[in-house]
Each structure stands twice: as C-alpha cells, then as structure tokens.
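For reference, model.cif (mmCIF, C-alpha atoms):
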```
data_query
loop_
_atom_site.label_atom_id
_atom_site.label_comp_id
_atom_site.auth_asym_id
_atom_site.auth_seq_id
_atom_site.Cartn_x
_atom_site.Cartn_y
_atom_site.Cartn_z
CA MET A 269 104.67 -67.25 123.41
CA THR A 270 102.52 -64.16 123.72
CA LEU A 271 98.80 -64.08 124.28
CA PHE A 272 96.73 -63.46 121.16
CA LYS A 273 95.30 -59.94 121.24
CA GLY A 274 92.86 -59.36 118.40
CA ASP A 275 91.76 -55.86 117.41
CA GLU A 276 88.13 -56.89 117.06
CA SER A 277 85.68 -55.68 119.69
CA ILE A 278 83.56 -58.19 121.57
CA PRO A 279 79.96 -58.16 120.30
CA ALA A 280 77.54 -56.61 122.82
CA ASP A 281 75.49 -59.83 123.04
CA ALA A 282 78.49 -62.19 123.30
CA VAL A 283 78.62 -64.83 126.01
CA VAL A 284 82.26 -64.79 127.10
CA LEU A 285 83.12 -68.30 128.24
CA PHE A 286 86.78 -67.63 128.99
CA ASP A 287 88.24 -64.25 129.89
CA GLY A 288 91.78 -65.41 130.66
CA THR A 289 91.28 -65.62 134.42
CA ASN A 290 89.31 -68.79 135.23
CA LEU A 291 87.37 -71.75 133.84
CA ASP A 292 84.26 -71.21 135.97
CA ALA A 293 82.03 -71.57 132.87
CA TRP A 294 83.55 -74.97 132.04
CA THR A 295 83.45 -78.57 133.23
CA HIS A 296 85.16 -81.79 132.20
CA GLY A 297 83.09 -84.24 130.15
CA ASP A 298 82.49 -86.30 133.29
CA GLY A 299 80.94 -83.30 135.07
CA SER A 300 83.89 -82.51 137.35
CA PRO A 301 85.16 -78.91 137.47
CA ALA A 302 87.50 -77.98 134.63
CA SER A 303 91.02 -78.27 136.02
CA TRP A 304 93.20 -77.00 133.19
CA PRO A 305 95.79 -74.55 134.53
CA ILE A 306 95.58 -70.88 133.54
CA ARG A 307 98.96 -69.52 132.50
CA ASP A 308 99.55 -65.94 131.32
CA GLY A 309 95.87 -65.51 130.43
CA TYR A 310 95.32 -68.74 128.51
CA ALA A 311 94.16 -72.24 129.44
CA VAL A 312 96.64 -75.10 129.05
CA THR A 313 95.24 -78.55 128.30
CA ALA A 314 95.96 -80.93 131.13
CA LYS A 315 93.06 -83.38 131.22
CA ALA A 316 90.98 -84.30 128.21
CA ASP A 317 87.71 -82.68 127.24
CA ILE A 318 86.27 -79.57 128.76
CA MET A 319 82.87 -78.29 127.77
CA SER A 320 80.89 -75.19 128.56
CA LYS A 321 78.34 -75.54 131.32
CA GLN A 322 75.95 -73.51 129.22
CA LEU A 323 74.38 -75.39 126.31
CA PHE A 324 74.04 -73.80 122.89
CA THR A 325 72.30 -74.74 119.66
CA ASP A 326 72.47 -72.07 116.92
CA CYS A 327 75.47 -69.90 117.71
CA GLN A 328 78.40 -67.86 116.49
CA LEU A 329 81.68 -68.97 118.08
CA HIS A 330 85.14 -67.43 118.27
CA VAL A 331 88.01 -69.70 119.39
CA GLU A 332 91.70 -68.92 119.73
CA PHE A 333 94.21 -71.76 119.95
CA TRP A 334 97.96 -72.34 119.96
CA LEU A 335 99.57 -75.62 118.90
CA PRO A 336 103.04 -76.73 120.01
CA LEU A 337 105.68 -77.90 117.57
CA MET A 338 105.70 -81.70 117.54
CA ALA A 339 108.27 -82.28 114.80
CA GLU A 340 108.46 -86.07 115.20
CA ALA A 341 104.68 -86.61 115.45
CA THR A 342 102.58 -87.67 112.47
CA GLY A 343 98.87 -87.84 111.75
CA GLN A 344 96.51 -87.53 114.71
CA ALA A 345 99.47 -87.25 117.13
CA ARG A 346 100.09 -83.66 115.94
CA SER A 347 98.25 -81.83 118.78
CA ASN A 348 94.96 -83.59 118.14
CA SER A 349 91.90 -81.89 119.66
CA GLY A 350 88.62 -80.40 118.55
CA VAL A 351 85.85 -77.87 119.01
CA PHE A 352 82.55 -79.66 119.55
CA PHE A 353 78.96 -78.61 119.00
CA MET A 354 75.89 -80.23 120.57
CA GLY A 355 77.87 -82.35 122.98
CA PHE A 356 80.24 -84.49 120.97
CA THR A 357 78.02 -84.71 117.87
CA TYR A 358 79.78 -82.27 115.52
CA GLU A 359 83.51 -81.49 115.68
CA ILE A 360 85.78 -78.98 113.99
CA GLN A 361 89.18 -80.67 114.14
CA VAL A 362 92.06 -78.85 115.84
CA MET A 363 95.55 -80.11 115.06
CA ASP A 364 98.81 -79.13 113.43
CA SER A 365 98.12 -79.62 109.73
CA TYR A 366 100.45 -76.88 108.55
CA GLY A 367 101.75 -77.62 105.05
CA LEU A 368 99.72 -80.81 104.63
CA ASP A 369 97.13 -81.70 102.02
CA SER A 370 93.79 -81.44 103.84
CA THR A 371 91.73 -84.51 104.65
CA GLU A 372 88.56 -85.14 106.68
CA TRP A 373 90.80 -85.55 109.76
CA ASP A 374 92.95 -82.39 109.52
CA CYS A 375 92.65 -78.98 111.12
CA GLY A 376 89.44 -77.24 110.11
CA ALA A 377 87.70 -80.41 108.96
CA MET A 378 84.25 -81.36 110.14
CA TYR A 379 85.88 -84.41 111.64
CA SER A 380 85.49 -87.49 109.40
CA ILE A 381 82.70 -85.74 107.46
CA HIS A 382 84.18 -82.98 105.29
CA LYS A 383 87.68 -81.69 104.71
CA PRO A 384 88.32 -77.93 104.78
CA LEU A 385 88.12 -76.20 101.41
CA VAL A 386 91.69 -74.93 101.90
CA ASN A 387 94.44 -75.44 104.45
CA ALA A 388 94.57 -72.13 106.35
CA ASN A 389 96.90 -73.35 109.12
CA ARG A 390 99.67 -71.18 110.40
CA PRO A 391 102.88 -72.92 111.48
CA PRO A 392 102.87 -74.40 114.99
CA GLU A 393 103.63 -72.07 117.90
CA GLN A 394 101.52 -69.25 116.44
CA TRP A 395 98.04 -68.24 117.56
CA GLN A 396 95.22 -69.38 115.30
CA THR A 397 91.51 -68.61 115.26
CA TYR A 398 88.21 -70.17 114.30
CA ASP A 399 85.16 -68.05 113.72
CA ALA A 400 82.21 -70.33 113.16
CA VAL A 401 78.49 -69.94 112.64
CA PHE A 402 76.65 -73.11 113.64
CA HIS A 403 73.04 -73.90 112.80
CA ALA A 404 71.78 -76.90 114.75
CA PRO A 405 69.63 -79.50 113.00
CA LYS A 406 65.90 -78.77 113.14
CA PHE A 407 63.13 -81.21 114.06
CA ASP A 408 59.35 -81.10 113.81
CA ALA A 409 56.98 -81.79 116.73
CA SER A 410 57.15 -85.55 115.99
CA GLY A 411 60.94 -85.62 116.18
CA ASN A 412 61.53 -85.93 112.43
CA LYS A 413 64.56 -84.01 111.19
CA THR A 414 63.50 -81.18 108.92
CA ALA A 415 66.91 -79.56 108.38
CA ASN A 416 70.48 -80.81 108.71
CA ALA A 417 73.09 -79.07 110.84
CA ARG A 418 75.11 -76.46 108.95
CA ILE A 419 78.37 -74.74 109.82
CA THR A 420 80.45 -72.02 108.23
CA VAL A 421 84.03 -71.73 109.49
CA PHE A 422 86.68 -69.08 108.98
CA HIS A 423 90.14 -70.33 110.00
CA ASN A 424 92.57 -67.46 110.51
CA GLY A 425 90.16 -65.28 108.52
CA VAL A 426 89.95 -67.69 105.57
CA LEU A 427 86.65 -69.36 104.63
CA ILE A 428 87.27 -73.07 104.87
#
```
Can you dump the structure from the file as structure tokens?
Amino acid sequence: MTLFKGDESIPADAVVLFDGTNLDAWTHGDGSPASWPIRDGYAVTAKADIMSKQLFTDCQLHVEFWLPLMAEATGQARSNSGVFFMGFTYEIQVMDSYGLDSTEWDCGAMYSIHKPLVNANRPPEQWQTYDAVFHAPKFDASGNKTANARITVFHNGVLI
C-alpha cells in the first residue's frame, strides 16, 4: 500500500489536522489522547473513535481513507466507520460498498438518513477521498432552528 499523494495544493486557510506524523490534534471520544499508530505517514485504526480537539461548525473537509479487503464480511462488517460532524450528530458512512447497490447505510451515505446519489467506491485496498462542505444547522436567539444542516459530498471526485 502506498500513501495517497494528491496533486491538489493545500488551501492557504486550511486547518491541517493530520500531517502524517502525529495525532496531536486528536483525542478519543472519551477524552484520552488519540493512540492510533502512525505507519508510513498514515494513521491506522486501533481503538474506536477519534475526534479533532478543535470544534468546527460550517466547514470544508478533505478526508483520505483506505479500506482493507474483507472478502468474507457482509453488511456493516465491511470496514464500518464514519466521518462525523458536530460530535456524533451527522455521519458520512465509511465502509467497503464497492459494487453494491447504495443504501442509507453504505459508503457515502448520510448514515441512516440519505443514501448517496451514486456508488463512487473504488475497490478495497485503494485510497479513496471525501471532499465535503458542511453547513451546520442555524438557530435564532431563542434556540429555535431556522435552517437545517446541509452537506455536499464528493466521493473520489464524484458528487454523491
């Protein structure tokens, strides 16, 4: 496996949360330091749930991920994970859905809410990307929601 090396430049105002050397910007969901090992410039999942220490609302996010081949696994056992926004409120599903008909639980779905428009998965053991623009829900001074959350996701360059 080789590290994904995109040709795109990093935007000048980007907050780089992982540069391939450490997880200093991350913590586990329970608040303990992120303990995933770093191997050849990428983080390897070892304990569930890491989250950035810095909190974001409206944001543009770039994520690169690699899924192992799990030939005997089915459904949610196929490298199940996710990219979460606003804590664990909104999730873009990460899993091996290559060649499957998309559902609300497959890769690229807003988990259990909306299936991706198309299945843009590459086969397992290839680098994949999400580029997402997230707009957090909006509330007035009284706490009433005035706008729902919105997200636009490109999976491997395809609008899903």
Residue with smallest distance to Ser347 of chain A - pool A:Ser277, A:Thr313, A:Ser380, A:Ser370, counting only C-alpha atoms: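 The answer is A:Thr313, which sits nearest to Ser347 of chain A.
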Exercise: Leu323 of chain A partners within 10 Å, only C-alpha atoms, chain neighbours under 3 positions left out, as a ChimeraX atom specification: /A:319-320,353-355
Once you have the residues from the selection above, write them out as a compact mmCIF listing (two decimals), in the frame of the given file, restricted to C-alpha atoms.
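The resulting file, part.txt, is reproduced below:
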```txt
# COMPACT_ATOMS: atom_id res chain seq x y z
CA MET A 319 82.87 -78.29 127.77
CA SER A 320 80.89 -75.19 128.56
CA PHE A 353 78.96 -78.61 119.00
CA MET A 354 75.89 -80.23 120.57
CA GLY A 355 77.87 -82.35 122.98
```
Nearest to Val331 of chain A, chosen from A:Ala404, A:Ala377, A:Val426, A:Val362, with only C-alpha atoms counted in the distances: A:Val362
Hits of the PyMOL selection byres ((chain A and resi 346) around 10) in this structure, as number ranges by chain: A: 335-345, 347-349, 362-365, 374, 392
Segment 416-418 of chain A environment, 10 Å, all atoms listed in the file, sequence neighbours closer than 4 positions dropped, as an MDAnalysis selection string: chainID A and resid 325:326 358 401:407
Residues within 12 Å of (77.1, -76.6, 133.0), counting all atoms listed in the file, listed as a compact mmCIF listing (two decimals) with C-alpha atoms, keeping the file's coordinate frame:
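Output file point.txt follows:
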```txt
# COMPACT_ATOMS: atom_id res chain seq x y z
CA LEU A 285 83.12 -68.30 128.24
CA LEU A 291 87.37 -71.75 133.84
CA ASP A 292 84.26 -71.21 135.97
CA ALA A 293 82.03 -71.57 132.87
CA TRP A 294 83.55 -74.97 132.04
CA THR A 295 83.45 -78.57 133.23
CA HIS A 296 85.16 -81.79 132.20
CA GLY A 297 83.09 -84.24 130.15
CA ASP A 298 82.49 -86.30 133.29
CA GLY A 299 80.94 -83.30 135.07
CA SER A 300 83.89 -82.51 137.35
CA PRO A 301 85.16 -78.91 137.47
CA ALA A 302 87.50 -77.98 134.63
CA ILE A 318 86.27 -79.57 128.76
CA MET A 319 82.87 -78.29 127.77
CA SER A 320 80.89 -75.19 128.56
CA LYS A 321 78.34 -75.54 131.32
CA GLN A 322 75.95 -73.51 129.22
CA LEU A 323 74.38 -75.39 126.31
CA PHE A 324 74.04 -73.80 122.89
CA GLY A 355 77.87 -82.35 122.98
```
Å distance separating atom CA of Phe356 of chain A from atom CA of Gly309 of chain A, one decimal place: 26.3 Å
Two-atom distance - atom CA of Lys315 of chain A, atom CA of Val284 of chain A (Å): 21.9 Å
